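Please read the structure below before turning to the comments.
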Amino acid sequence: MTITAAADGSALGNPGPAGWAWYVNDDCWRAGGWPHGTNNQGELMAVLDLFRATAHVPGEDLLILCDSQYVINAVTKWMPGWKRKGWRKADGKPVLNVDLLKEIDQALVGRRYTFEWVRGHAGHELNEAADERARAAATSYQQGVAVRQGPGFVNGFVNTANGAAPAPQADSTAAQAAPQASRRAAPPATPPATRQAAPSGQEKLFGRPGLFEEPDLFSELEEEPAGEGTLAGASPEAVVESLERELLRPETRADLGRTGVLLHPDFTEIGTSGRIWTRDAMMMALEDDPGGPTEVELLGADRLGEKAVLLTYRSHTRKGSALRSSLWVLEGSQWRLRFHQGTPEA
């Protein structure tokens, strides 16, 4: 038998009131959250709780549908290397969200599982159900009302209590695209020790207060103060042109924190090679290879409404020139790149 479940996380403000959920069907799901957390922390906690909730059936295959390429790559690709390096990244910096990742690493020992990437907010039935419940949990913490936790595993499955989890820290690691399923079978080992049950989402489960104060640079960040990088008083066209030029600078492209602000959460790019890039994949690629200087020949800046500007230009690099178009949208007080396309010139 294969247990198929979607896992998802949500954060209002990111960081802000946060929720997580996994979903098998209307009779088999669970959700929780915290007063303050990030989207990535919610995504990781959903996966962790799913492993814990199914720990009593270790012989069953587990298919995890996930719209977070960060989570998929962290669990299936990066963790072995991080562990060998003492939970540090290739640049020597500590892996963030490390406590949640360590718990997941322990929980999957002896399990047979597959991660499959699904596009979020695209009508996938299980993903939408998990997203709805994760967002509802985050909203409950925002409004100060009880979280609807769900039945857990029923109909022949043990309804396990929500176990205590470590204090998650923010993570700036970005992920490459992983549309295909990724499988890792760990060798059998002694199951993790049983954890004391506690009400879902209680802040005491995550240690001392303030652990969620560090923003998650991989996910959507808080908006910048007015006037900082926004050319206060300038026209939207001038602001967008300035931000586009900033995004083309190697030092900006290598900075996950800044690209996390400039790229819209739903950013998509059709590159000069014809490849379709997601925000996660683009951020990771830019950090690994920010490229060299780019000269810009502006062709046009057209207002498409109060909250949208289309920028067209020709870029010149050592590799040649390309015609490019960028759609920037206003989100709150921050202009963010929603779509980009590049076409190489002969």
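Just so we're on the same page: first chain in the structure tokens is A, next is B, and so on; residues restart at 1 for each chain, and ligands are numbered from 1 in the order they show up.
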
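The protein and nucleic acid residues lying at most 10 Å from Asp26 in chain A are Leu126, Ala129, Gly150 and Pro151 of chain A, with only C-alpha atoms considered and sequence neighbours fewer than 6 positions away removed.
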
Apply DSSP to the structure's backbone, then extract all residues of range 16-87 of chain A labelled strand (DSSP E) and return them as an MDAnalysis selection string.
chainID A and resid 16:25 28:37 61:66

Given only C-alpha atoms as the counted atoms, nearest of A:Gly16, A:Ala31, A:Tyr70, A:Pro344 to Arg279 in chain A:
A:Tyr70

Selection: 9 Å around Glu345 in chain A, only C-alpha atoms, excl. self and same-chain fewer than 2 positions, as a PDB file with C-alpha atoms, in the first residue's frame:
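around-v8.pdb was written with the following content:
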```
ATOM      1  CA  GLY A 320      26.131  38.349 -26.617  1.00  0.00           C
ATOM      2  CA  SER A 321      22.980  40.426 -26.713  1.00  0.00           C
ATOM      3  CA  ALA A 322      19.365  39.538 -26.020  1.00  0.00           C
ATOM      4  CA  LEU A 323      15.997  41.241 -26.186  1.00  0.00           C
ATOM      5  CA  THR A 343      15.302  36.117 -26.571  1.00  0.00           C
TER       6      THR A 343
END
```

List the neighbours of Arg88 in chain A out to 12 Å using only C-alpha atoms; skip same-chain residues closer than 6 positions along the sequence, and give me the result as a PyMOL selection string.
chain A and resi 78-82+94-98+171+173

Let me make sure I understand: among A:Ala254, A:Ala46, A:Val240, A:Leu286, which one has the smallest atom-to-atom distance to Ser326 in chain A if we use only C-alpha atoms?
A:Val240

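Compared by their closest atoms to Tyr313 in chain A, and using only C-alpha atoms, the residues A:Gln341, A:Thr114, A:Thr252, A:Ser333 rank with A:Gln341 nearest.
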
One decimal, in Å: what's the spacing between CA of Asp280 in chain A and CA of Val47 in chain A?
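Calculated distance between CA of Asp280 in chain A and CA of Val47 in chain A is 18.6 Å.
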
Any idea what the distance is between CA of Met284 in chain A and CA of Cys66 in chain A?
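Going from CA of Met284 in chain A over to CA of Cys66 in chain A covers 18.2 Å.
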
Would you kindly return, as a list of chain:residue names, each protein, DNA or RNA residue with an atom no farther than 8 Å from any atom of Asn39 in chain A, considering only C-alpha atoms and excluding same-chain residues fewer than 3 positions away?
A:Gly9, A:Ser10, A:Ala11, A:Asn14, A:Pro15, A:Ala18, A:Gly19, A:Gly42, A:Glu43, A:Asp216, A:Ser219

Would you export the selected residues with C-alpha atoms as a PDB file, in the first residue's frame, please?
```
ATOM      1  CA  GLY A   9       2.952  25.455   4.733  1.00  0.00           C
ATOM      2  CA  SER A  10       1.718  29.029   4.936  1.00  0.00           C
ATOM      3  CA  ALA A  11       2.875  32.248   6.579  1.00  0.00           C
ATOM      4  CA  ASN A  14       6.374  35.672   6.037  1.00  0.00           C
ATOM      5  CA  PRO A  15       7.484  35.773   8.730  1.00  0.00           C
ATOM      6  CA  ALA A  18       2.270  30.505  10.258  1.00  0.00           C
ATOM      7  CA  GLY A  19       0.520  27.228   9.608  1.00  0.00           C
ATOM      8  CA  GLY A  42       5.586  25.456   7.785  1.00  0.00           C
ATOM      9  CA  GLU A  43       6.522  23.341   4.761  1.00  0.00           C
ATOM     10  CA  ASP A 216      13.442  33.403   5.887  1.00  0.00           C
ATOM     11  CA  SER A 219      10.730  32.828   0.881  1.00  0.00           C
TER      12      SER A 219
END
```

Skipping near chain neighbours, those fewer than 4 positions away, what residues fall within 12 Å of Ser242 in chain A using only C-alpha atoms, listed as a PDB file with N, CA and C atoms, in the first residue's frame?
```pdb
ATOM      1  N   GLY A 229      15.696  51.888  -1.497  1.00  0.00           N
ATOM      2  CA  GLY A 229      15.690  51.091  -2.710  1.00  0.00           C
ATOM      3  C   GLY A 229      14.431  51.263  -3.531  1.00  0.00           C
ATOM      4  N   THR A 230      13.602  52.264  -3.176  1.00  0.00           N
ATOM      5  CA  THR A 230      12.359  52.441  -3.906  1.00  0.00           C
ATOM      6  C   THR A 230      12.293  53.775  -4.635  1.00  0.00           C
ATOM      7  N   LEU A 231      13.336  54.589  -4.560  1.00  0.00           N
ATOM      8  CA  LEU A 231      13.358  55.895  -5.232  1.00  0.00           C
ATOM      9  C   LEU A 231      12.119  56.702  -4.874  1.00  0.00           C
ATOM     10  N   ALA A 232      11.983  57.010  -3.601  1.00  0.00           N
ATOM     11  CA  ALA A 232      10.808  57.732  -3.118  1.00  0.00           C
ATOM     12  C   ALA A 232      10.573  58.981  -3.956  1.00  0.00           C
ATOM     13  N   ALA A 234       9.851  59.083  -7.105  1.00  0.00           N
ATOM     14  CA  ALA A 234      10.065  58.847  -8.529  1.00  0.00           C
ATOM     15  C   ALA A 234       8.845  58.179  -9.145  1.00  0.00           C
ATOM     16  N   SER A 235       8.744  58.226 -10.472  1.00  0.00           N
ATOM     17  CA  SER A 235       7.641  57.581 -11.168  1.00  0.00           C
ATOM     18  C   SER A 235       7.806  56.068 -11.092  1.00  0.00           C
ATOM     19  N   PRO A 236       6.718  55.304 -11.213  1.00  0.00           N
ATOM     20  CA  PRO A 236       6.822  53.847 -11.212  1.00  0.00           C
ATOM     21  C   PRO A 236       7.776  53.332 -12.281  1.00  0.00           C
ATOM     22  N   GLU A 237       7.768  53.984 -13.465  1.00  0.00           N
ATOM     23  CA  GLU A 237       8.665  53.552 -14.533  1.00  0.00           C
ATOM     24  C   GLU A 237      10.125  53.695 -14.117  1.00  0.00           C
ATOM     25  N   ALA A 238      10.451  54.807 -13.458  1.00  0.00           N
ATOM     26  CA  ALA A 238      11.828  55.034 -13.023  1.00  0.00           C
ATOM     27  C   ALA A 238      12.230  54.054 -11.923  1.00  0.00           C
ATOM     28  N   GLU A 246      19.432  47.036 -10.889  1.00  0.00           N
ATOM     29  CA  GLU A 246      19.999  46.470  -9.654  1.00  0.00           C
ATOM     30  C   GLU A 246      20.027  44.942  -9.724  1.00  0.00           C
ATOM     31  N   LEU A 247      18.940  44.358 -10.214  1.00  0.00           N
ATOM     32  CA  LEU A 247      18.848  42.906 -10.286  1.00  0.00           C
ATOM     33  C   LEU A 247      19.856  42.314 -11.264  1.00  0.00           C
ATOM     34  N   LEU A 248      20.320  43.091 -12.214  1.00  0.00           N
ATOM     35  CA  LEU A 248      21.301  42.610 -13.187  1.00  0.00           C
ATOM     36  C   LEU A 248      22.731  42.676 -12.654  1.00  0.00           C
ATOM     37  N   ARG A 249      22.942  43.314 -11.519  1.00  0.00           N
ATOM     38  CA  ARG A 249      24.289  43.401 -10.958  1.00  0.00           C
ATOM     39  C   ARG A 249      24.685  42.085 -10.302  1.00  0.00           C
ATOM     40  N   LEU A 262      13.160  41.119  -4.479  1.00  0.00           N
ATOM     41  CA  LEU A 262      12.872  41.623  -5.827  1.00  0.00           C
ATOM     42  C   LEU A 262      12.011  40.669  -6.650  1.00  0.00           C
ATOM     43  N   VAL A 296      22.694  47.676 -20.223  1.00  0.00           N
ATOM     44  CA  VAL A 296      21.272  47.749 -20.544  1.00  0.00           C
ATOM     45  C   VAL A 296      21.013  48.869 -21.547  1.00  0.00           C
ATOM     46  N   LEU A 298      17.796  50.533 -22.805  1.00  0.00           N
ATOM     47  CA  LEU A 298      16.363  50.599 -22.547  1.00  0.00           C
ATOM     48  C   LEU A 298      15.585  50.859 -23.835  1.00  0.00           C
ATOM     49  N   ALA A 301       9.352  51.581 -21.296  1.00  0.00           N
ATOM     50  CA  ALA A 301       8.804  51.341 -19.966  1.00  0.00           C
ATOM     51  C   ALA A 301       7.345  51.763 -20.022  1.00  0.00           C
ATOM     52  N   LEU A 311       8.673  46.487 -18.746  1.00  0.00           N
ATOM     53  CA  LEU A 311       9.965  47.036 -19.132  1.00  0.00           C
ATOM     54  C   LEU A 311      10.530  46.197 -20.269  1.00  0.00           C
ATOM     55  N   TRP A 328       6.798  43.985 -13.989  1.00  0.00           N
ATOM     56  CA  TRP A 328       6.901  44.296 -12.572  1.00  0.00           C
ATOM     57  C   TRP A 328       5.523  44.650 -12.026  1.00  0.00           C
ATOM     58  N   TRP A 335       7.831  47.119  -5.446  1.00  0.00           N
ATOM     59  CA  TRP A 335       7.737  46.607  -6.816  1.00  0.00           C
ATOM     60  C   TRP A 335       8.528  45.301  -6.897  1.00  0.00           C
ATOM     61  N   ARG A 336       7.904  44.257  -7.514  1.00  0.00           N
ATOM     62  CA  ARG A 336       8.528  42.939  -7.577  1.00  0.00           C
ATOM     63  C   ARG A 336       8.386  42.379  -8.992  1.00  0.00           C
TER      64      ARG A 336
END
```

What does the structure give for the distance between CA of Thr2 in chain A and CA of Cys28 in chain A, in Å to one decimal?
14.3 Å
